[in-house]
$ cat input-v4.cif   # mmCIF, C-alpha atoms; chains and numbers go by the auth columns
data_run
loop_
_atom_site.group_PDB
_atom_site.id
_atom_site.type_symbol
_atom_site.label_atom_id
_atom_site.label_comp_id
_atom_site.label_asym_id
_atom_site.label_seq_id
_atom_site.Cartn_x
_atom_site.Cartn_y
_atom_site.Cartn_z
_atom_site.B_iso_or_equiv
_atom_site.auth_seq_id
_atom_site.auth_asym_id
ATOM 1 C CA MET A 1 -5.081 53.535 6.834 0.00 1 A
ATOM 2 C CA ASP A 2 -5.228 51.491 3.676 0.00 2 A
ATOM 3 C CA GLU A 3 -6.386 48.009 2.738 0.00 3 A
ATOM 4 C CA ALA A 4 -2.826 46.625 2.716 0.00 4 A
ATOM 5 C CA THR A 5 -2.258 47.757 6.304 0.00 5 A
ATOM 6 C CA LEU A 6 -5.506 46.188 7.483 0.00 6 A
ATOM 7 C CA HIS A 7 -4.708 42.963 5.626 0.00 7 A
ATOM 8 C CA GLU A 8 -1.251 42.795 7.233 0.00 8 A
ATOM 9 C CA LEU A 9 -2.684 43.407 10.712 0.00 9 A
ATOM 10 C CA SER A 10 -5.409 40.795 10.291 0.00 10 A
ATOM 11 C CA ALA A 11 -2.785 38.277 9.152 0.00 11 A
ATOM 12 C CA ARG A 12 -0.605 39.130 12.165 0.00 12 A
ATOM 13 C CA LEU A 13 -3.538 38.563 14.525 0.00 13 A
ATOM 14 C CA HIS A 14 -4.674 35.420 12.681 0.00 14 A
ATOM 15 C CA GLY A 15 -7.934 36.804 11.298 0.00 15 A
ATOM 16 C CA ARG A 16 -10.102 39.843 10.749 0.00 16 A
ATOM 17 C CA PHE A 17 -12.432 38.837 13.568 0.00 17 A
ATOM 18 C CA LYS A 18 -9.617 39.023 16.131 0.00 18 A
ATOM 19 C CA LEU A 19 -8.460 42.347 14.703 0.00 19 A
ATOM 20 C CA THR A 20 -12.011 43.689 14.960 0.00 20 A
ATOM 21 C CA CYS A 21 -12.359 42.483 18.561 0.00 21 A
ATOM 22 C CA LEU A 22 -9.069 44.075 19.549 0.00 22 A
ATOM 23 C CA VAL A 23 -9.928 47.391 17.895 0.00 23 A
ATOM 24 C CA GLN A 24 -13.414 47.468 19.447 0.00 24 A
ATOM 25 C CA ARG A 25 -12.156 46.724 22.949 0.00 25 A
ATOM 26 C CA ARG A 26 -9.487 49.415 22.732 0.00 26 A
ATOM 27 C CA LEU A 27 -11.951 51.953 21.314 0.00 27 A
ATOM 28 C CA VAL A 28 -14.363 51.346 24.176 0.00 28 A
ATOM 29 C CA HIS A 29 -11.517 51.741 26.670 0.00 29 A
ATOM 30 C CA LEU A 30 -10.399 55.000 25.058 0.00 30 A
ATOM 31 C CA MET A 31 -13.928 56.371 24.927 0.00 31 A
ATOM 32 C CA HIS A 32 -14.411 55.766 28.642 0.00 32 A
ATOM 33 C CA GLU A 33 -11.001 56.665 30.009 0.00 33 A
ATOM 34 C CA GLY A 34 -8.743 58.175 27.396 0.00 34 A
ATOM 35 C CA SER A 35 -10.359 61.245 25.885 0.00 35 A
ATOM 36 C CA ASP A 36 -7.160 63.259 26.389 0.00 36 A
ATOM 37 C CA VAL A 37 -5.155 60.552 24.630 0.00 37 A
ATOM 38 C CA ILE A 38 -7.504 60.696 21.643 0.00 38 A
ATOM 39 C CA LYS A 39 -7.268 64.474 21.340 0.00 39 A
ATOM 40 C CA LYS A 40 -3.468 64.557 21.643 0.00 40 A
ATOM 41 C CA ASN A 41 -2.541 61.614 19.429 0.00 41 A
ATOM 42 C CA SER A 42 -5.109 61.106 16.708 0.00 42 A
ATOM 43 C CA GLY A 43 -6.501 64.487 15.803 0.00 43 A
ATOM 44 C CA GLY A 44 -9.950 63.403 16.956 0.00 44 A
ATOM 45 C CA ARG A 45 -9.904 60.099 15.052 0.00 45 A
ATOM 46 C CA PRO A 46 -9.734 57.357 17.670 0.00 46 A
ATOM 47 C CA ILE A 47 -9.842 54.451 15.221 0.00 47 A
ATOM 48 C CA ARG A 48 -6.679 55.741 13.551 0.00 48 A
ATOM 49 C CA LEU A 49 -4.948 55.829 16.933 0.00 49 A
ATOM 50 C CA VAL A 50 -6.013 52.259 17.722 0.00 50 A
ATOM 51 C CA VAL A 51 -4.879 50.913 14.350 0.00 51 A
ATOM 52 C CA GLU A 52 -1.505 52.616 14.856 0.00 52 A
ATOM 53 C CA GLU A 53 -1.225 50.986 18.298 0.00 53 A
ATOM 54 C CA VAL A 54 -1.962 47.567 16.783 0.00 54 A
ATOM 55 C CA ALA A 55 0.562 48.159 13.977 0.00 55 A
ATOM 56 C CA GLN A 56 3.230 49.101 16.546 0.00 56 A
ATOM 57 C CA GLY A 57 2.565 45.897 18.494 0.00 57 A
ATOM 58 C CA ARG A 58 1.429 47.748 21.611 0.00 58 A
ATOM 59 C CA LEU A 59 -1.829 45.750 21.905 0.00 59 A
ATOM 60 C CA ALA A 60 -2.523 42.026 22.150 0.00 60 A
ATOM 61 C CA LEU A 61 -5.612 39.878 22.548 0.00 61 A
ATOM 62 C CA VAL A 62 -5.634 37.995 25.831 0.00 62 A
ATOM 63 C CA ALA A 63 -8.047 35.259 26.894 0.00 63 A
ATOM 64 C CA PRO A 64 -9.820 35.478 30.272 0.00 64 A
ATOM 65 C CA ASP A 65 -7.320 32.976 31.696 0.00 65 A
ATOM 66 C CA GLY A 66 -4.436 35.280 30.707 0.00 66 A
ATOM 67 C CA SER A 67 -3.142 33.286 27.760 0.00 67 A
ATOM 68 C CA ALA A 68 -2.370 35.190 24.574 0.00 68 A
ATOM 69 C CA LEU A 69 -4.853 34.712 21.740 0.00 69 A
ATOM 70 C CA ALA A 70 -2.766 36.792 19.367 0.00 70 A
ATOM 71 C CA ALA A 71 0.506 38.219 20.605 0.00 71 A
ATOM 72 C CA PRO A 72 2.374 41.191 19.176 0.00 72 A
ATOM 73 C CA PRO A 73 5.144 40.172 16.726 0.00 73 A
ATOM 74 C CA GLY A 74 8.025 40.431 19.227 0.00 74 A
ATOM 75 C CA GLU A 75 6.323 38.194 21.755 0.00 75 A
ATOM 76 C CA ALA A 76 5.405 35.560 19.174 0.00 76 A
ATOM 77 C CA LYS A 77 9.065 35.156 18.150 0.00 77 A
ATOM 78 C CA GLU A 78 10.236 34.842 21.748 0.00 78 A
ATOM 79 C CA GLY A 79 7.754 32.068 22.456 0.00 79 A
ATOM 80 C CA LYS A 80 9.063 29.893 19.589 0.00 80 A
ATOM 81 C CA LYS A 81 12.648 29.651 20.927 0.00 81 A
#

$ encode --input "input-v4.cif" --output "structure tokens"
Amino acid sequence: MDEATLHELSARLHGRFKLTCLVQRRLVHLMHEGSDVIKKNSGGRPIRLVVEEVAQGRLALVAPDGSALAAPPGEAKEGKK
């Protein structure tokens, strides 16, 4: 995980704060419910797993009302049509 990757992800999510919120929420979820997922996929480094999930577009920030705060790249393109 390098600075360029983090910069690209923060730009995709429209800010470092949103990226941080997304990573924190996913980490908490994994710590409570996904210990097997962490061991199998990240070699014991959960933050690396979460950043990979964000980079792959598998995670998105969603507001309490269900609207997307920052959608994965594929969803953002579909919404502009």

$ resolve_selection --input "input-v4.cif" --expression "the PyMOL selection byres ((chain A and resi 13) around 12)" --output "MDAnalysis selection string"
chainID A and resid 6:12 14:23 54:55 57 59:62 68:73 76

$ atom_distance --input "input-v4.cif" --atom1 "atom CA of Ile47 of chain A" --atom2 "atom CA of Leu27 of chain A"
6.9 Å

$ resolve_selection --input "input-v4.cif" --expression "the PyMOL selection byres ((chain A and resi 38) around 12)" --output "number ranges by chain"
A: 26-37, 39-50
